[in-house]
Every structure is written in structure tokens, then in C-alpha cells.
Amino acid sequence: MSLADQVRERLGGELEVLPGGHSGLTYTVKDSYVVKAVPPGQKPVGRNDVLRQARVLRALEGSAVPVPRVIVTDETWFAMEFAEGAAVEPVLDEHTLAPELARARMLEAARLLRLLHDAGPVPGEPPATAAGELERWSRTMHAVPAELRPGAEDLLRSLAGAVPDDLPPVLVHGDFRLGNVLFAGDRPTAVVDWEIWSTGDPRTDLGWFLLFADHRNFPALGVPVPGLPGEAELLEVYGDPLPDMAWFRALGRMKMAAIMGHNLRRHREGKHHDPDQERLPPTIAAMIRSAADILRS
């Protein structure tokens, strides 16, 4: 039975492609459900392991973290409720969000991230370490042509020479930012896009989230947002000071450079045509440069 037939039988509606879905195949049904499915012929691993996403959503049901409720799970797909709200990344997206609302959402997201980390790790999930995260994204960086990542080797050596001790593991989103939190006004309605969640060090989420507080981190891409809280204010809202945040801020920048470099390479090799990727080189270089500066300061 095809996916469309299964969904029609279980949910009573037709599949419509959801624009912007990045993990597996993403659809809506009757504007009431979102369906995520493994692409035909592909294995349910990595971003295509949609049932792993369903597992973390179910683990968070009833917690202080708003997530869509899982309705149906099958062997290769699952359905969750359609959460109201919109996600906007103020420093990167084209939007009409008032600066004061962007500020309120950013501060609320910092509080929400602390609630997420306080929810505790998902049982049965082996924890990732800071060293493991560095190794993972170093592999991605090394897959990027050398000319697209100036200074990367020196940065990787600096990071490897100063890996901090791990904090007790928590649930880590992996891509926590305003672009992955739905809001109705200044109220968060759902944290979405759980493709790379893990159990690990909370500072990996924090170092990534803080990147999006300043448009200057994204040359040729970012736009200024008056009044947007800076890193220090966001850390204060998040809660108790955490040690070695400089290392994790640098790690987040390295990760961003590696991901952008990987995407640009795929575009240039014709694997995913997207001319907009040609805007990335200044930001890739800036991420590597600022990460090195953070470690030296």
C-alpha cells in the first residue's frame, strides 16, 4: 500500500507537500496533521530516520517544552498535529517582524532552551561528548574543498587541543534557533525540526543558538535587527553561568562553516542546484575567523 493510501486510510485526507520540509518527505493533511516519511528506496538513517524524531516528540509530551503531539506512527512514517504559529529567523529571513517582537521571541527562546535542557536526557540514548561533536563536524569540514575554508585546519587544531570536560548529558536539539520555534505573537507554540537531536552537553545547543543573535556573524547574508539581545544577555536569561562557553561558541561557528561549505560544495557539484549558495563564502570565512578569535581571547 502506498504512503498516500496509508495516510488516507489512517487520517482520512490527502497528502500535500509542506514547503520548507528538510527531513525525509514532509506533508500536510487537511491542515490538521504533518506527516514525515522515509523517501522510497532510502534507509531510515540520519535525517531520514523519521521515527527517531517521533520518539523524542513523545518523550517531551506533557513537559514544559511545547512540541507537536504525535498522532500515528508506522514503519516508515509518522503523523503529528499541525502546530499553529510561524518561525522566523530575524537576522537571516525576509520578514516583517517588529524589532520589539523579535527581541521578545529571542529572550523567550533562551528561556525555552533552558526548559528543554532541564527536561533531562531521553532514556536509552547514548550521550554524545564534546570530543565526539568536534570529530563529527570536523569530518564535515574536511569534506569541504580547502579553498572554501581558509584557516580551518588551524581552527580544528586549536579546538582539539582544548576540549573541555563534559557536563551531565541532557536532551540536545542540535539546531535550536528561532527558525525552528513556532510562535504566535511572543508565545512559543512548538519546537520543531528534530532531525539531529541527541543526548549530550547543553553547551552545544547554547553555542549554536548564540550565533543567531548578531547579523554580523553572517556577512553578505545577515540583516540588522535593532534591539535584538546579544550573547551576554541571552546567557543571563538562560540561567546559571556555564564553564568553557568560549570553546562551544567557537565549535558552533566551526559547525556552521562546515555545514555551509558542504552545502556550497553540493551546489557546485550539481547535487543540489541552489544559486543562493554562492553567497556563502564570506560567511564561511568569517565563521572560521571569529571562532579562532574567540579561542585566542
# chains A, B, ... in the order shown; residues from 1 in each chain; ligands from 1
call {"tool": "residues_around", "arguments": {"residues": "A:His173", "least_positions_apart": "6", "cutoff": "8 Å", "atoms": "only C-alpha atoms", "output": "ChimeraX atom specification"}}
result
/A:194,196-198,205
call {"tool": "select_by_dssp", "arguments": {"residues": "stretch 34-260 of chain A", "states": "helix (DSSP H, G or I)", "output": "PyMOL selection string"}}
result
chain A and resi 46-48+50-60+99-118+130-142+146-148+152-160+178-180+202-213+215-217+231-238+245-260
call {"tool": "write_last_selection", "arguments": {"atoms": "C-alpha atoms", "output": "short mmCIF file (atom, residue, chain, number, x, y, z; two decimals), in the first residue's frame"}}
result
data_model
loop_
_atom_site.label_atom_id
_atom_site.label_comp_id
_atom_site.auth_asym_id
_atom_site.auth_seq_id
_atom_site.Cartn_x
_atom_site.Cartn_y
_atom_site.Cartn_z
CA GLY A 46 20.28 10.11 9.79
CA ARG A 47 17.84 12.80 8.70
CA ASN A 48 15.63 10.13 7.13
CA VAL A 50 11.75 9.97 10.97
CA LEU A 51 10.63 7.54 13.67
CA ARG A 52 13.53 8.69 15.81
CA GLN A 53 12.02 12.16 15.60
CA ALA A 54 8.68 10.74 16.72
CA ARG A 55 10.40 9.16 19.71
CA VAL A 56 11.76 12.46 21.04
CA LEU A 57 8.43 14.21 20.47
CA ARG A 58 6.68 11.54 22.50
CA ALA A 59 9.33 11.80 25.21
CA LEU A 60 8.52 15.52 25.54
CA PRO A 99 12.06 44.61 16.26
CA GLU A 100 10.48 44.54 19.71
CA LEU A 101 8.71 41.26 18.89
CA ALA A 102 11.92 39.76 17.53
CA ARG A 103 13.62 40.72 20.78
CA ALA A 104 10.83 39.21 22.89
CA ARG A 105 10.96 35.96 20.92
CA MET A 106 14.74 35.70 21.24
CA LEU A 107 14.56 36.12 25.02
CA GLU A 108 11.72 33.60 25.24
CA ALA A 109 13.74 31.15 23.18
CA ALA A 110 16.61 31.39 25.67
CA ARG A 111 14.21 30.51 28.48
CA LEU A 112 12.74 27.73 26.39
CA LEU A 113 16.17 26.25 25.72
CA ARG A 114 16.78 26.03 29.46
CA LEU A 115 13.44 24.21 29.88
CA LEU A 116 14.45 21.82 27.13
CA HIS A 117 17.73 21.03 28.82
CA ASP A 118 16.03 20.67 32.20
CA ALA A 130 32.20 17.43 23.23
CA ALA A 131 35.07 15.49 21.64
CA GLY A 132 32.56 13.48 19.62
CA GLU A 133 30.81 16.62 18.40
CA LEU A 134 34.16 18.07 17.35
CA GLU A 135 35.03 14.89 15.48
CA ARG A 136 31.64 14.77 13.77
CA TRP A 137 31.76 18.30 12.40
CA SER A 138 35.48 18.08 11.66
CA ARG A 139 34.65 15.27 9.22
CA THR A 140 32.11 17.53 7.54
CA MET A 141 34.65 20.35 7.40
CA HIS A 142 37.27 18.09 5.82
CA ALA A 146 40.24 23.60 1.09
CA GLU A 147 39.81 26.85 -0.84
CA LEU A 148 36.35 27.32 0.70
CA ALA A 152 40.01 25.75 9.08
CA GLU A 153 42.93 23.45 9.83
CA ASP A 154 44.41 25.82 12.40
CA LEU A 155 40.97 26.21 13.99
CA LEU A 156 40.43 22.47 14.20
CA ARG A 157 43.82 22.01 15.85
CA SER A 158 43.01 24.73 18.39
CA LEU A 159 39.66 23.16 19.21
CA ALA A 160 41.16 19.69 19.51
CA LEU A 178 14.23 30.98 16.33
CA GLY A 179 13.89 29.49 12.85
CA ASN A 180 12.94 26.19 14.48
CA PRO A 202 23.86 21.52 26.80
CA ARG A 203 26.58 23.94 25.72
CA THR A 204 26.47 22.55 22.17
CA ASP A 205 22.92 23.91 21.81
CA LEU A 206 23.85 27.18 23.50
CA GLY A 207 26.91 27.83 21.36
CA TRP A 208 24.80 27.32 18.23
CA PHE A 209 21.82 29.39 19.40
CA LEU A 210 24.01 32.37 20.29
CA LEU A 211 25.28 32.58 16.70
CA PHE A 212 21.92 33.97 15.60
CA ALA A 213 21.98 36.93 17.97
CA HIS A 215 23.73 39.66 11.96
CA ARG A 216 27.43 40.47 11.71
CA ASN A 217 28.19 36.78 12.10
CA GLU A 231 25.02 36.79 23.64
CA ALA A 232 25.66 38.00 27.18
CA GLU A 233 22.00 38.87 27.77
CA LEU A 234 20.82 35.56 26.32
CA LEU A 235 23.21 33.62 28.54
CA GLU A 236 21.92 35.53 31.55
CA VAL A 237 18.32 34.68 30.66
CA TYR A 238 19.25 31.03 30.07
CA MET A 245 31.43 28.63 26.79
CA ALA A 246 34.12 30.19 24.59
CA TRP A 247 35.03 26.73 23.29
CA PHE A 248 31.41 25.91 22.50
CA ARG A 249 30.83 29.28 20.84
CA ALA A 250 33.83 28.51 18.63
CA LEU A 251 32.53 24.99 17.99
CA GLY A 252 29.18 26.41 16.85
CA ARG A 253 30.92 28.66 14.35
CA MET A 254 33.03 25.79 13.04
CA LYS A 255 29.90 23.68 12.66
CA MET A 256 28.14 26.46 10.74
CA ALA A 257 31.14 26.92 8.43
CA ALA A 258 31.29 23.18 7.80
CA ILE A 259 27.57 22.92 7.00
CA MET A 260 27.64 25.94 4.71
#
call {"tool": "select_by_dssp", "arguments": {"residues": "stretch 97-278 of chain A", "states": "strand (DSSP E)", "output": "MDAnalysis selection string"}}
result
chainID A and resid 170:172 181:184 187:191 198:200
call {"tool": "write_last_selection", "arguments": {"atoms": "N, CA and C atoms", "output": "PDB file, in the first residue's frame"}}
result
ATOM      1  N   VAL A 170      22.155  16.054  28.672  1.00  0.00           N
ATOM      2  CA  VAL A 170      20.760  16.486  28.622  1.00  0.00           C
ATOM      3  C   VAL A 170      20.239  16.215  27.213  1.00  0.00           C
ATOM      4  N   LEU A 171      18.967  16.476  26.997  1.00  0.00           N
ATOM      5  CA  LEU A 171      18.408  16.423  25.661  1.00  0.00           C
ATOM      6  C   LEU A 171      18.898  17.636  24.875  1.00  0.00           C
ATOM      7  N   VAL A 172      19.518  17.396  23.722  1.00  0.00           N
ATOM      8  CA  VAL A 172      20.074  18.449  22.875  1.00  0.00           C
ATOM      9  C   VAL A 172      19.315  18.460  21.544  1.00  0.00           C
ATOM     10  N   VAL A 181      11.499  27.384  16.018  1.00  0.00           N
ATOM     11  CA  VAL A 181      10.493  27.509  17.072  1.00  0.00           C
ATOM     12  C   VAL A 181       9.303  28.268  16.499  1.00  0.00           C
ATOM     13  N   LEU A 182       8.127  27.658  16.523  1.00  0.00           N
ATOM     14  CA  LEU A 182       6.920  28.334  16.066  1.00  0.00           C
ATOM     15  C   LEU A 182       6.410  29.242  17.176  1.00  0.00           C
ATOM     16  N   PHE A 183       5.993  30.444  16.790  1.00  0.00           N
ATOM     17  CA  PHE A 183       5.467  31.419  17.739  1.00  0.00           C
ATOM     18  C   PHE A 183       4.121  31.941  17.268  1.00  0.00           C
ATOM     19  N   ALA A 184       3.247  32.209  18.217  1.00  0.00           N
ATOM     20  CA  ALA A 184       2.049  33.012  17.987  1.00  0.00           C
ATOM     21  C   ALA A 184       2.248  34.285  18.791  1.00  0.00           C
ATOM     22  N   ARG A 187       4.452  34.104  22.063  1.00  0.00           N
ATOM     23  CA  ARG A 187       4.246  32.830  22.766  1.00  0.00           C
ATOM     24  C   ARG A 187       4.720  31.673  21.903  1.00  0.00           C
ATOM     25  N   PRO A 188       5.668  30.866  22.387  1.00  0.00           N
ATOM     26  CA  PRO A 188       6.108  29.708  21.612  1.00  0.00           C
ATOM     27  C   PRO A 188       5.033  28.625  21.603  1.00  0.00           C
ATOM     28  N   THR A 189       4.726  28.108  20.422  1.00  0.00           N
ATOM     29  CA  THR A 189       3.708  27.065  20.302  1.00  0.00           C
ATOM     30  C   THR A 189       4.305  25.691  20.035  1.00  0.00           C
ATOM     31  N   ALA A 190       5.523  25.625  19.466  1.00  0.00           N
ATOM     32  CA  ALA A 190       6.124  24.318  19.208  1.00  0.00           C
ATOM     33  C   ALA A 190       7.585  24.474  18.812  1.00  0.00           C
ATOM     34  N   VAL A 191       8.420  23.607  19.367  1.00  0.00           N
ATOM     35  CA  VAL A 191       9.796  23.450  18.896  1.00  0.00           C
ATOM     36  C   VAL A 191       9.762  22.361  17.835  1.00  0.00           C
ATOM     37  N   SER A 198      19.946  14.797  20.040  1.00  0.00           N
ATOM     38  CA  SER A 198      20.816  13.815  20.683  1.00  0.00           C
ATOM     39  C   SER A 198      20.750  14.017  22.188  1.00  0.00           C
ATOM     40  N   THR A 199      21.424  13.171  22.908  1.00  0.00           N
ATOM     41  CA  THR A 199      21.691  13.394  24.321  1.00  0.00           C
ATOM     42  C   THR A 199      23.145  13.817  24.417  1.00  0.00           C
ATOM     43  N   GLY A 200      23.400  14.929  25.087  1.00  0.00           N
ATOM     44  CA  GLY A 200      24.771  15.409  25.124  1.00  0.00           C
ATOM     45  C   GLY A 200      24.923  16.631  25.996  1.00  0.00           C
TER      46      GLY A 200
END
call {"tool": "closest_residue", "arguments": {"among": "A:Ala98, A:Lys30, A:Ala4, A:Ala128", "to": "A:Trp77", "atoms": "only C-alpha atoms"}}
result
A:Ala4
call {"tool": "closest_residue", "arguments": {"among": "A:Gly12, A:Gly227, A:Gly222, A:Pro282", "to": "A:Glu94", "atoms": "only C-alpha atoms"}}
result
A:Gly222
call {"tool": "closest_residue", "arguments": {"among": "A:Ala64, A:Leu228, A:Ala119, A:Val192", "to": "A:Gly85", "atoms": "only C-alpha atoms"}}
result
A:Val192
call {"tool": "atom_distance", "arguments": {"atom1": "atom CA of A:Pro127", "atom2": "atom CA of A:Pro243"}}
result
19.0 Å
call {"tool": "atom_distance", "arguments": {"atom1": "atom CA of A:Ala79", "atom2": "atom CA of A:Lys36"}}
result
6.5 Å
call {"tool": "atom_distance", "arguments": {"atom1": "atom CA of A:Met80", "atom2": "atom CA of A:Thr28"}}
result
9.6 Å
call {"tool": "closest_residue", "arguments": {"among": "A:Asp274, A:Asp31, A:Asp186, A:Glu125", "to": "A:Val17", "atoms": "only C-alpha atoms"}}
result
A:Asp31
